[in-house]
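Asks: I'd like to ask you about the structure that follows.
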Amino acid sequence: MRTLQELTRSNIWRLKPYSSARDEYNGAAASVFLDANENPYNLPHNRYPDPMQRDLKSELSKIKKVPPAHIFLGNGSDEAIDLVFRAFCEPGEDNVVAIDPTYGMYQVCADVNDVEYRKVLLHDDFQFSAEELLAAADERTKMIFICSPNNPTGNDLLRSEIVKVIGGFEGLVILDEAYNDFSDQPSFLSELDKYPNLVVLQTFSKAFGCAAIRLGMAFASEGIIAILNKIKYPYNVNQLTQQQAIEMLHKYYEIERWVKTLKEERGYLEEAFIELPCVLQVFPSNANFFLARVTDAVKIYNYLVGEGIIVRNRNSISLCGNCLRVTVGTRAENARLIGALKKYQ
């Protein structure tokens, strides 16, 4: 791996970050706060939140088994994705490599930051070759993006190939594990110490059932996390989000129960889909959704909209011709979907 200084944009490396009032004082003893030009009325919403989310990171560390100094929290995982581009990629000069198809925000952030985005097509079984991914990189490649379980295909990517990429690349490997809770494969979080160039992304939007609070997580070396904290906006995670996330961590047993139920419902839906005349193929999934190839994706999508049921039409995505992506819902929602498709002509 290249040194962190070599990977980081020179202006970012030299940058002196903004220091907020809550950065300069974060003790617990004070009771009178006259330092941040806040309104003294309307407690507790009148006070700025902890810019480093210390209490939340402390609770999260217990669940994820990762020290707080190795955790970055942002306004959804999209903030962390954008920040790694801003921190490590020189606009108009550097490039990144990613599997295709995959989560669309990687390319959006690349385009916004004027960074070349190189796609490497997955194989027909939605797996990838580490050799092919590494071959697409050159001396200006700063990052490789891998999503596992992948979106929109739903499958776990081969762990052996992921390891080859991490070990064979001198830049950063961004591994998006947004759907890992629904997989039987272990997270790479336990291997962060082994791979200093690895950044693991996770989210509160899926298994935690908290898409509305917009909270994403990045786990990496202390040095990488320090760079991200250096360039983030001062109060990027609001107090209401921090409080709700802590509440969810205190009832983690509930999240584990949801995950178990959703995996069972995924199996129920997949089996039901296989029996439908309009379904040609159901692809194996390790996420809270699955991909199905149907007779006419556009027609069936529009039919379902008319029935008040919304799925995702992935027909225009690489390798996903005539495919619909179906999120696993409650048993009642899933039964309604199956019932509607049984009536489809």
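FYI, nothing fancy with the structure tokens labels: chains A, B, ... in order, residues from 1 per chain, ligands from 1 as they appear.
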Neighbours of range 118-121 of chain A within 10 Å (only C-alpha atoms; same-chain residues fewer than 5 positions away dropped), as an MDAnalysis selection string?

Replies: chainID A and resid 95:102 107 110 126:129 132:137 141 144:145 318:319

Asks: Excluding Leu60 in chain A and its own-chain neighbours fewer than 3 positions away, which residues fall within 12 Å of it when counting only C-alpha atoms? Please give them as a PyMOL selection string.

Replies: chain A and resi 53-57+63-73+202-204+216-219+242+245-250+252

Asks: Filtering to N, CA, C and O atoms, could you give me those residues as a short mmCIF file (atom, residue, chain, number, x, y, z; two decimals), in the first residue's frame?

Replies:
```
data_model
loop_
_atom_site.label_atom_id
_atom_site.label_comp_id
_atom_site.auth_asym_id
_atom_site.auth_seq_id
_atom_site.Cartn_x
_atom_site.Cartn_y
_atom_site.Cartn_z
N GLN A 53 -19.74 12.76 17.72
CA GLN A 53 -20.69 11.69 18.05
C GLN A 53 -20.11 10.69 19.05
O GLN A 53 -20.21 9.46 18.88
N ARG A 54 -19.49 11.19 20.11
CA ARG A 54 -18.73 10.32 21.02
C ARG A 54 -19.59 9.26 21.71
O ARG A 54 -19.20 8.09 21.79
N ASP A 55 -20.74 9.67 22.24
CA ASP A 55 -21.59 8.69 22.93
C ASP A 55 -22.08 7.61 21.97
O ASP A 55 -22.10 6.42 22.31
N LEU A 56 -22.47 8.03 20.79
CA LEU A 56 -22.96 7.07 19.80
C LEU A 56 -21.85 6.11 19.37
O LEU A 56 -22.07 4.90 19.28
N LYS A 57 -20.67 6.63 19.13
CA LYS A 57 -19.56 5.77 18.73
C LYS A 57 -19.20 4.79 19.84
O LYS A 57 -18.82 3.64 19.56
N ILE A 63 -21.10 -3.01 19.80
CA ILE A 63 -21.79 -3.92 18.88
C ILE A 63 -20.87 -4.38 17.76
O ILE A 63 -20.82 -5.58 17.43
N LYS A 64 -20.12 -3.45 17.19
CA LYS A 64 -19.30 -3.75 16.02
C LYS A 64 -17.90 -4.27 16.36
O LYS A 64 -17.18 -4.74 15.48
N LYS A 65 -17.51 -4.17 17.64
CA LYS A 65 -16.18 -4.63 18.08
C LYS A 65 -15.06 -3.89 17.35
O LYS A 65 -14.04 -4.47 16.97
N VAL A 66 -15.27 -2.60 17.14
CA VAL A 66 -14.29 -1.74 16.49
C VAL A 66 -14.09 -0.51 17.38
O VAL A 66 -15.07 0.09 17.82
N PRO A 67 -12.85 -0.11 17.68
CA PRO A 67 -12.62 1.05 18.54
C PRO A 67 -13.22 2.33 17.94
O PRO A 67 -13.24 2.49 16.72
N PRO A 68 -13.70 3.25 18.78
CA PRO A 68 -14.30 4.49 18.28
C PRO A 68 -13.40 5.28 17.33
O PRO A 68 -13.90 5.92 16.39
N ALA A 69 -12.10 5.24 17.55
CA ALA A 69 -11.18 5.99 16.69
C ALA A 69 -11.13 5.45 15.28
O ALA A 69 -10.60 6.11 14.37
N HIS A 70 -11.69 4.28 15.05
CA HIS A 70 -11.73 3.66 13.73
C HIS A 70 -13.11 3.76 13.08
O HIS A 70 -13.37 3.09 12.09
N ILE A 71 -13.97 4.63 13.66
CA ILE A 71 -15.34 4.77 13.16
C ILE A 71 -15.59 6.19 12.69
O ILE A 71 -15.30 7.16 13.40
N PHE A 72 -16.13 6.32 11.49
CA PHE A 72 -16.64 7.60 10.98
C PHE A 72 -18.14 7.49 10.82
O PHE A 72 -18.65 6.47 10.31
N LEU A 73 -18.87 8.50 11.25
CA LEU A 73 -20.32 8.53 11.09
C LEU A 73 -20.71 9.71 10.20
O LEU A 73 -20.17 10.81 10.36
N GLN A 202 -20.99 0.62 6.20
CA GLN A 202 -22.24 0.00 6.64
C GLN A 202 -23.26 1.11 6.87
O GLN A 202 -22.95 2.29 6.72
N THR A 203 -24.49 0.73 7.23
CA THR A 203 -25.56 1.73 7.30
C THR A 203 -26.60 1.36 8.35
O THR A 203 -26.75 0.19 8.71
N PHE A 204 -27.32 2.38 8.82
CA PHE A 204 -28.47 2.17 9.69
C PHE A 204 -29.77 2.05 8.88
O PHE A 204 -30.84 1.88 9.45
N GLY A 216 -24.89 6.76 8.21
CA GLY A 216 -23.99 5.79 7.61
C GLY A 216 -22.72 5.66 8.42
O GLY A 216 -22.36 6.56 9.18
N MET A 217 -22.05 4.53 8.26
CA MET A 217 -20.83 4.24 9.01
C MET A 217 -19.69 3.89 8.07
O MET A 217 -19.90 3.19 7.07
N ALA A 218 -18.51 4.37 8.38
CA ALA A 218 -17.29 3.93 7.70
C ALA A 218 -16.31 3.47 8.76
O ALA A 218 -16.13 4.14 9.79
N PHE A 219 -15.69 2.32 8.53
CA PHE A 219 -14.72 1.75 9.46
C PHE A 219 -13.39 1.61 8.73
O PHE A 219 -13.35 1.06 7.62
N GLN A 242 -28.52 11.10 16.32
CA GLN A 242 -27.65 10.44 17.29
C GLN A 242 -28.47 9.76 18.39
O GLN A 242 -28.18 8.62 18.79
N ALA A 245 -30.28 6.62 17.03
CA ALA A 245 -29.33 5.53 16.79
C ALA A 245 -28.94 4.84 18.09
O ALA A 245 -28.84 3.61 18.15
N ILE A 246 -28.71 5.63 19.13
CA ILE A 246 -28.35 5.05 20.43
C ILE A 246 -29.50 4.19 20.96
O ILE A 246 -29.29 3.09 21.50
N GLU A 247 -30.74 4.68 20.79
CA GLU A 247 -31.90 3.90 21.22
C GLU A 247 -31.96 2.55 20.49
O GLU A 247 -32.26 1.52 21.10
N MET A 248 -31.66 2.58 19.19
CA MET A 248 -31.69 1.33 18.42
C MET A 248 -30.59 0.37 18.88
O MET A 248 -30.80 -0.85 18.95
N LEU A 249 -29.43 0.89 19.21
CA LEU A 249 -28.34 0.04 19.66
C LEU A 249 -28.67 -0.60 21.01
O LEU A 249 -28.21 -1.71 21.30
N HIS A 250 -29.47 0.10 21.81
CA HIS A 250 -29.85 -0.44 23.11
C HIS A 250 -30.86 -1.58 22.99
O HIS A 250 -31.07 -2.33 23.95
N TYR A 252 -30.71 -3.92 20.35
CA TYR A 252 -30.14 -4.63 19.21
C TYR A 252 -30.80 -6.00 19.01
O TYR A 252 -30.86 -6.51 17.89
#
```

Asks: If we count only C-alpha atoms, what is near Gly74 in chain A at a cut-off of 9 Å, once residues fewer than 4 positions away on the same chain are taken out, given as a PDB file with C-alpha atoms, in the first residue's frame?

Replies:
```pdb
ATOM      1  CA  ASP A  78     -23.364   8.539   0.737  1.00  0.00           C
ATOM      2  CA  GLU A  79     -21.497  11.145   2.784  1.00  0.00           C
ATOM      3  CA  ALA A  80     -18.617   8.743   3.402  1.00  0.00           C
ATOM      4  CA  ARG A 214     -29.786   9.128   7.538  1.00  0.00           C
ATOM      5  CA  LEU A 215     -26.851   7.552   9.348  1.00  0.00           C
ATOM      6  CA  GLY A 216     -23.990   5.787   7.611  1.00  0.00           C
ATOM      7  CA  MET A 217     -20.826   4.243   9.013  1.00  0.00           C
ATOM      8  CA  ALA A 218     -17.290   3.932   7.697  1.00  0.00           C
ATOM      9  CA  LYS A 232     -16.514  16.644   7.016  1.00  0.00           C
ATOM     10  CA  ASN A 236     -22.808  16.446  10.034  1.00  0.00           C
ATOM     11  CA  VAL A 237     -24.931  14.130  12.217  1.00  0.00           C
TER      12      VAL A 237
END
```

Asks: Excluding Ala220 in chain A and any residue of its chain fewer than 5 positions from it, enumerate the residues within 8 Å of it, using only C-alpha atoms, and give them as a list in words.

Replies: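 Counting only the stated atoms, we get His70, Ile71, Leu192, Pro196, Asn197, Leu198, Val199, Val200 and Ile225 of chain A.
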
Asks: I need the residues in range 110-213 of chain A that are strand (DSSP E) according to DSSP; give them as a list in words.

Replies: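 Matching residues, listed in order: Glu116, Tyr117, Arg118, Lys119, Val120, Leu121, Thr141, Lys142, Met143, Ile144, Phe145, Ile146, Cys147, Leu172, Val173, Ile174, Leu175, Asp176, Leu198, Val199, Val200, Leu201, Gln202 and Thr203 of chain A.
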
Asks: Skip Phe283 in chain A itself and residues of its chain fewer than 2 positions away, then list as a PyMOL selection string all residues within 8 Å of it, counting only C-alpha atoms.

Replies: chain A and resi 153-154+281+285+290-292

Asks: So how many Å separate CA of Ser316 in chain A and CA of Pro277 in chain A, to one decimal?

Replies: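 Atom-to-atom, CA of Ser316 in chain A and CA of Pro277 in chain A are spaced 22.3 Å apart.
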
Asks: What lies within 8 Å of range 324-338 of chain A using only C-alpha atoms, ignoring chain neighbours under 3 positions off, as number ranges by chain?

Replies: A: 152, 262, 265-266, 269, 272-273, 288-294, 297, 301, 309, 311-315, 341-342

Asks: Set the distance at 9 Å and use only C-alpha atoms: which residues neighbour Phe182 in chain A once local chain neighbours fewer than 4 positions away are removed? I'd like the list as an MDAnalysis selection string.

Replies: chainID A and resid 149 207 259:260 262:263 286:288

Asks: Just to be explicit: take each residue in the selection above, keep N, CA, C and O atoms, and write the result as a PDB file, in the first residue's frame.

Replies:
```pdb
ATOM      1  N   PRO A 149     -22.998  -7.965   0.167  1.00  0.00           N
ATOM      2  CA  PRO A 149     -23.791  -8.361  -0.997  1.00  0.00           C
ATOM      3  C   PRO A 149     -23.996  -7.190  -1.942  1.00  0.00           C
ATOM      4  O   PRO A 149     -24.168  -6.058  -1.501  1.00  0.00           O
ATOM      5  N   ALA A 207     -30.817  -3.144   7.937  1.00  0.00           N
ATOM      6  CA  ALA A 207     -31.172  -4.017   9.055  1.00  0.00           C
ATOM      7  C   ALA A 207     -31.705  -3.234  10.253  1.00  0.00           C
ATOM      8  O   ALA A 207     -32.608  -3.694  10.959  1.00  0.00           O
ATOM      9  N   VAL A 259     -33.991  -9.165  11.288  1.00  0.00           N
ATOM     10  CA  VAL A 259     -33.155  -9.786  10.264  1.00  0.00           C
ATOM     11  C   VAL A 259     -33.554 -11.245  10.062  1.00  0.00           C
ATOM     12  O   VAL A 259     -33.677 -11.719   8.921  1.00  0.00           O
ATOM     13  N   LYS A 260     -33.766 -11.958  11.149  1.00  0.00           N
ATOM     14  CA  LYS A 260     -34.179 -13.368  11.056  1.00  0.00           C
ATOM     15  C   LYS A 260     -35.503 -13.490  10.295  1.00  0.00           C
ATOM     16  O   LYS A 260     -35.648 -14.338   9.400  1.00  0.00           O
ATOM     17  N   LEU A 262     -36.839 -11.323   8.160  1.00  0.00           N
ATOM     18  CA  LEU A 262     -36.700 -10.913   6.758  1.00  0.00           C
ATOM     19  C   LEU A 262     -36.006 -11.982   5.917  1.00  0.00           C
ATOM     20  O   LEU A 262     -36.353 -12.179   4.743  1.00  0.00           O
ATOM     21  N   LYS A 263     -35.072 -12.692   6.506  1.00  0.00           N
ATOM     22  CA  LYS A 263     -34.426 -13.782   5.774  1.00  0.00           C
ATOM     23  C   LYS A 263     -35.424 -14.912   5.505  1.00  0.00           C
ATOM     24  O   LYS A 263     -35.418 -15.511   4.419  1.00  0.00           O
ATOM     25  N   ASN A 286     -28.403 -12.711  -0.937  1.00  0.00           N
ATOM     26  CA  ASN A 286     -27.932 -12.680   0.444  1.00  0.00           C
ATOM     27  C   ASN A 286     -28.242 -11.329   1.074  1.00  0.00           C
ATOM     28  O   ASN A 286     -27.591 -10.907   2.026  1.00  0.00           O
ATOM     29  N   ALA A 287     -29.252 -10.637   0.511  1.00  0.00           N
ATOM     30  CA  ALA A 287     -29.624  -9.309   0.972  1.00  0.00           C
ATOM     31  C   ALA A 287     -31.088  -9.308   1.414  1.00  0.00           C
ATOM     32  O   ALA A 287     -31.704 -10.360   1.535  1.00  0.00           O
ATOM     33  N   ASN A 288     -31.643  -8.124   1.640  1.00  0.00           N
ATOM     34  CA  ASN A 288     -33.062  -8.026   1.982  1.00  0.00           C
ATOM     35  C   ASN A 288     -33.897  -7.730   0.736  1.00  0.00           C
ATOM     36  O   ASN A 288     -34.975  -7.140   0.809  1.00  0.00           O
TER      37      ASN A 288
END
```

Asks: Residues of range 37-280 of chain A classed as alpha helix (DSSP H) by DSSP on the backbone are to be reported as a ChimeraX atom specification.

Replies: /A:54-64,77-88,105-112,130-135,159-168,222-231,239-250,252-274

Asks: What is the distance, in Å and to one decimal place, between CA of Val282 in chain A and CA of Glu254 in chain A?

Replies: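 Taking CA of Val282 in chain A and CA of Glu254 in chain A, their separation equals 29.2 Å.
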
Asks: Quick one, how far is CA of His123 in chain A from CA of Pro186 in chain A?

Replies: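 Computed distance, CA of His123 in chain A to CA of Pro186 in chain A, equals 23.2 Å.
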
Asks: Return the single residue from A:Val173, A:Arg47, A:Ser19, A:Leu7 that is closest to Val32 in chain A, with distances computed using only C-alpha atoms.

Replies: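 Under the stated criterion, the closest residue is A:Arg47.
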
Asks: Of the residues A:Leu4, A:Leu43, A:Leu157, A:Ile255, which is the one nearest to Lys142 in chain A, using only C-alpha atoms?

Replies: A:Leu4

Asks: Have a look at A:Ile166, A:Tyr25, A:Pro40, A:Leu172 and name the one nearest to Met143 in chain A; count only C-alpha atoms.

Replies: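 Closest to Met143 in chain A, using only C-alpha atoms: A:Leu172.
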